[in-house]
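Below is the file input-v2.cif, which contains mmCIF, C-alpha atoms.
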```cif
data_work
loop_
_atom_site.label_atom_id
_atom_site.label_comp_id
_atom_site.auth_asym_id
_atom_site.auth_seq_id
_atom_site.Cartn_x
_atom_site.Cartn_y
_atom_site.Cartn_z
CA MET A 1 -29.28 -16.12 -39.04
CA THR A 2 -26.55 -16.26 -36.43
CA HIS A 3 -24.16 -13.57 -35.26
CA ALA A 4 -21.33 -15.16 -37.27
CA ASP A 5 -23.48 -14.96 -40.43
CA PHE A 6 -24.14 -11.29 -39.69
CA GLU A 7 -20.42 -10.53 -39.22
CA ALA A 8 -19.54 -12.39 -42.43
CA ARG A 9 -22.10 -10.32 -44.30
CA ILE A 10 -20.67 -7.08 -42.86
CA ARG A 11 -17.14 -8.15 -43.90
CA ARG A 12 -18.41 -8.85 -47.41
CA ILE A 13 -20.39 -5.59 -47.78
CA ASP A 14 -18.09 -3.12 -45.99
CA PRO A 15 -14.66 -4.49 -45.07
CA GLN A 16 -13.47 -1.08 -43.78
CA PHE A 17 -16.33 -0.93 -41.24
CA ALA A 18 -15.79 -4.56 -40.24
CA LYS A 19 -12.11 -3.90 -39.58
CA HIS A 20 -12.18 -0.48 -37.89
CA GLY A 21 -15.76 0.14 -36.89
CA GLY A 22 -17.78 3.28 -37.57
CA SER A 23 -16.08 5.80 -35.30
CA GLU A 24 -12.51 5.70 -36.66
CA ALA A 25 -13.48 6.01 -40.31
CA ALA A 26 -15.71 9.02 -39.62
CA THR A 27 -13.11 11.03 -37.67
CA SER A 28 -10.14 10.40 -39.95
CA ARG A 29 -11.34 12.64 -42.79
CA ALA A 30 -9.17 15.68 -43.41
CA SER A 31 -9.93 18.87 -45.29
CA THR A 32 -9.73 18.11 -48.98
CA ARG A 33 -10.23 21.65 -50.30
CA PRO A 34 -8.09 24.20 -48.44
CA LEU A 35 -7.37 26.16 -51.63
CA VAL A 36 -11.06 26.43 -52.49
CA SER A 37 -11.82 27.56 -48.94
CA GLY A 38 -9.09 30.19 -49.17
CA LEU A 39 -10.35 31.49 -52.51
CA PHE A 40 -13.89 31.63 -51.13
CA GLY A 41 -12.71 33.59 -48.09
CA PHE A 42 -10.73 35.97 -50.32
CA ALA A 43 -13.68 36.64 -52.63
CA TRP A 44 -16.13 36.97 -49.75
CA ALA A 45 -13.93 39.44 -47.88
CA GLY A 46 -13.23 41.35 -51.09
CA VAL A 47 -16.94 41.88 -51.71
CA ILE A 48 -17.60 42.87 -48.10
CA ILE A 49 -14.67 45.31 -48.03
CA ALA A 50 -15.78 46.87 -51.33
CA VAL A 51 -19.34 47.31 -50.07
CA ALA A 52 -18.19 48.73 -46.73
CA ARG A 53 -15.83 51.24 -48.36
CA ASN A 54 -18.22 52.41 -51.07
CA GLN A 55 -21.40 53.15 -49.13
CA ASP A 56 -21.42 56.78 -50.27
CA SER A 57 -21.31 55.76 -53.91
CA LEU A 58 -24.06 53.21 -53.20
CA LYS A 59 -26.25 55.99 -51.75
CA SER A 60 -25.59 58.29 -54.70
CA SER A 61 -26.31 55.41 -57.11
CA LEU A 62 -29.63 54.82 -55.39
CA LEU A 63 -30.52 58.50 -55.70
CA GLN A 64 -29.76 58.43 -59.43
CA GLY A 65 -31.64 55.19 -60.06
CA SER A 66 -35.30 54.57 -60.73
CA LEU A 67 -36.00 52.87 -57.40
CA PRO A 68 -38.48 54.93 -55.35
CA SER A 69 -36.87 56.69 -52.42
CA GLU A 70 -39.00 54.90 -49.82
CA TYR A 71 -37.20 51.66 -50.71
CA HIS A 72 -33.71 53.09 -50.25
CA VAL A 73 -33.94 52.38 -46.53
CA TYR A 74 -34.54 48.70 -47.24
CA VAL A 75 -31.56 48.46 -49.59
CA LEU A 76 -29.23 50.17 -47.12
CA GLY A 77 -30.64 48.01 -44.31
CA ALA A 78 -29.89 44.90 -46.36
CA VAL A 79 -26.32 46.15 -46.89
CA ALA A 80 -25.97 46.77 -43.14
CA ALA A 81 -27.36 43.29 -42.44
CA LEU A 82 -24.86 41.81 -44.92
CA LEU A 83 -22.01 43.49 -43.08
CA ALA A 84 -23.28 42.39 -39.65
CA VAL A 85 -23.87 38.78 -40.71
CA SER A 86 -20.43 38.68 -42.31
CA GLY A 87 -18.86 39.84 -39.06
CA VAL A 88 -20.68 37.10 -37.16
CA LEU A 89 -19.62 34.48 -39.70
CA VAL A 90 -15.98 35.56 -39.48
CA MET A 91 -16.16 35.14 -35.70
CA MET A 92 -17.77 31.73 -36.17
CA HIS A 93 -14.97 30.62 -38.49
CA LEU A 94 -12.41 31.95 -36.03
CA LEU A 95 -13.95 29.90 -33.23
CA ARG A 96 -14.11 26.81 -35.48
CA ALA A 97 -10.45 27.21 -36.42
CA ILE A 98 -9.41 27.54 -32.79
CA GLY A 99 -11.57 24.81 -31.26
CA GLY A 100 -12.83 22.73 -34.18
CA ARG A 101 -11.86 19.22 -35.11
CA GLY A 102 -10.74 17.71 -38.39
CA THR A 103 -12.50 19.04 -41.45
CA ALA A 104 -14.16 21.97 -39.71
CA ARG A 105 -10.81 23.31 -38.51
CA GLY A 106 -9.15 22.94 -41.91
CA ASN A 107 -11.96 24.53 -43.89
CA SER A 108 -12.30 27.44 -41.47
CA ALA A 109 -8.54 27.98 -41.47
CA GLY A 110 -8.63 28.20 -45.27
CA VAL A 111 -11.48 30.72 -45.20
CA LEU A 112 -9.67 32.81 -42.57
CA THR A 113 -6.46 32.72 -44.61
CA GLY A 114 -8.33 34.05 -47.63
CA ILE A 115 -9.95 36.76 -45.51
CA ALA A 116 -6.58 37.77 -44.11
CA ALA A 117 -5.13 38.00 -47.63
CA ALA A 118 -8.02 40.19 -48.82
CA VAL A 119 -7.74 42.48 -45.80
CA THR A 120 -3.98 42.75 -46.30
CA LEU A 121 -4.38 43.64 -49.97
CA SER A 122 -7.06 46.21 -49.16
CA MET A 123 -4.71 47.96 -46.72
CA ILE A 124 -2.03 48.60 -49.36
CA PRO A 125 -2.16 52.26 -50.43
CA ALA A 126 -2.76 53.15 -54.08
CA GLN A 127 0.64 54.85 -54.29
CA THR A 128 2.30 51.47 -53.73
CA TYR A 129 0.51 49.97 -56.73
CA GLU A 130 1.45 52.98 -58.85
CA ALA A 131 5.09 52.73 -57.73
CA GLY A 132 5.11 49.02 -58.59
CA LEU A 133 3.73 49.72 -62.04
CA GLY A 134 6.38 52.42 -62.43
CA LEU A 135 9.07 49.78 -61.98
CA LEU A 136 7.87 47.85 -65.02
CA ASN A 137 9.79 48.24 -68.23
CA GLU A 138 8.20 49.79 -71.32
CA ASN A 139 7.16 46.45 -72.90
CA SER A 140 5.41 45.20 -69.76
CA ARG A 141 3.64 48.51 -69.24
CA ALA A 142 2.47 48.57 -72.87
CA MET A 143 1.18 45.01 -72.54
CA LEU A 144 -0.85 45.86 -69.42
CA VAL A 145 -2.31 48.99 -71.02
CA SER A 146 -3.16 47.05 -74.17
CA ALA A 147 -4.88 44.28 -72.20
CA SER A 148 -6.85 46.80 -70.17
CA ASN A 149 -7.96 48.72 -73.26
CA SER A 150 -8.92 45.56 -75.15
CA VAL A 151 -11.13 44.39 -72.28
CA ARG A 152 -12.85 47.76 -72.13
CA ALA A 153 -13.27 47.93 -75.91
CA THR A 154 -14.64 44.41 -76.42
CA SER A 155 -17.26 44.50 -73.69
CA GLY A 156 -19.53 46.83 -75.68
CA LEU A 157 -21.78 47.34 -72.67
CA GLU A 158 -22.92 50.77 -71.67
CA ILE A 159 -23.87 50.25 -68.05
CA PRO A 160 -24.96 53.88 -67.42
CA GLY A 161 -27.37 53.60 -70.34
CA ALA A 162 -29.02 50.41 -69.05
CA THR A 163 -32.66 50.63 -68.00
CA LEU A 164 -34.38 48.14 -65.74
CA VAL A 165 -37.84 47.09 -66.89
CA SER A 166 -40.34 44.53 -65.72
CA ALA A 167 -42.72 42.26 -67.59
CA LEU A 168 -45.62 44.37 -66.33
CA ALA A 169 -44.03 47.54 -67.81
CA ASN A 170 -43.98 49.29 -64.44
#
```
Structure encoded using structure tokens:
Amino acid sequence: MTHADFEARIRRIDPQFAKHGGSEAATSRASTRPLVSGLFGFAWAGVIIAVARNQDSLKSSLLQGSLPSEYHVYVLGAVAALLAVSGVLVMMHLLRAIGGRGTARGNSAGVLTGIAAAVTLSMIPAQTYEAGLGLLNENSRAMLVSASNSVRATSGLEIPGATLVSALAN
């Protein structure tokens, strides 16, 4: 097998590689999912903000639950670790967006955009939402109340009455 035979085989199997080589094809990929990255960043930041703001209700929920009190420290430690790791990951995405290349930059920019949107929405005071709902006409307001009541009525779940059990009946 000669070098010409080898090149002909490469052209037949992968014409893109034969024409451009391996380096150009690998670096030309762009971010294909900026919307998904943004939605992921929004959801992630929303969960983290909700957990960070509601630590008192988390503590009171643990006190009311059936988990022994010696394990409460582990649960709260896991929540603290979640918050710390999330802070580190936000910094990592910030550094990737500033100094990254290609796909890494685009995906991190999408995640940071979603995080910024969630933080912005969490900073809006409740009075602003109430004032916005006050601007709705009677039909729109009735529709929102009806939708909210129908979701609550059809769920049929009584979360406060739920009891956690194990297969060992402990």
- Message: Running the PyMOL selection byres ((chain A and resi 49) around 12) on this model by hand, what would come out? Give it as a list in words.
- Response: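 Evaluating the PyMOL selection byres ((chain A and resi 49) around 12) on this file yields Gly41, Phe42, Ala43, Trp44, Ala45, Gly46, Val47, Ile48, Ala50, Val51, Ala52, Arg53, Asn54, Gln55, Val79, Leu82, Leu83, Ser86, Gly87, Ile115, Ala116, Ala118, Val119, Thr120, Leu121, Ser122 and Met123 of chain A.
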- Between A:Val151, A:Val85, A:Ile10, A:Val111, single out the one closest to Ala97 in chain A, counting all atoms listed in the file. A:Val111
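If you look at CA of Gly106 in chain A and CA of Leu89 in chain A, they are 15.7 Å away from each other.
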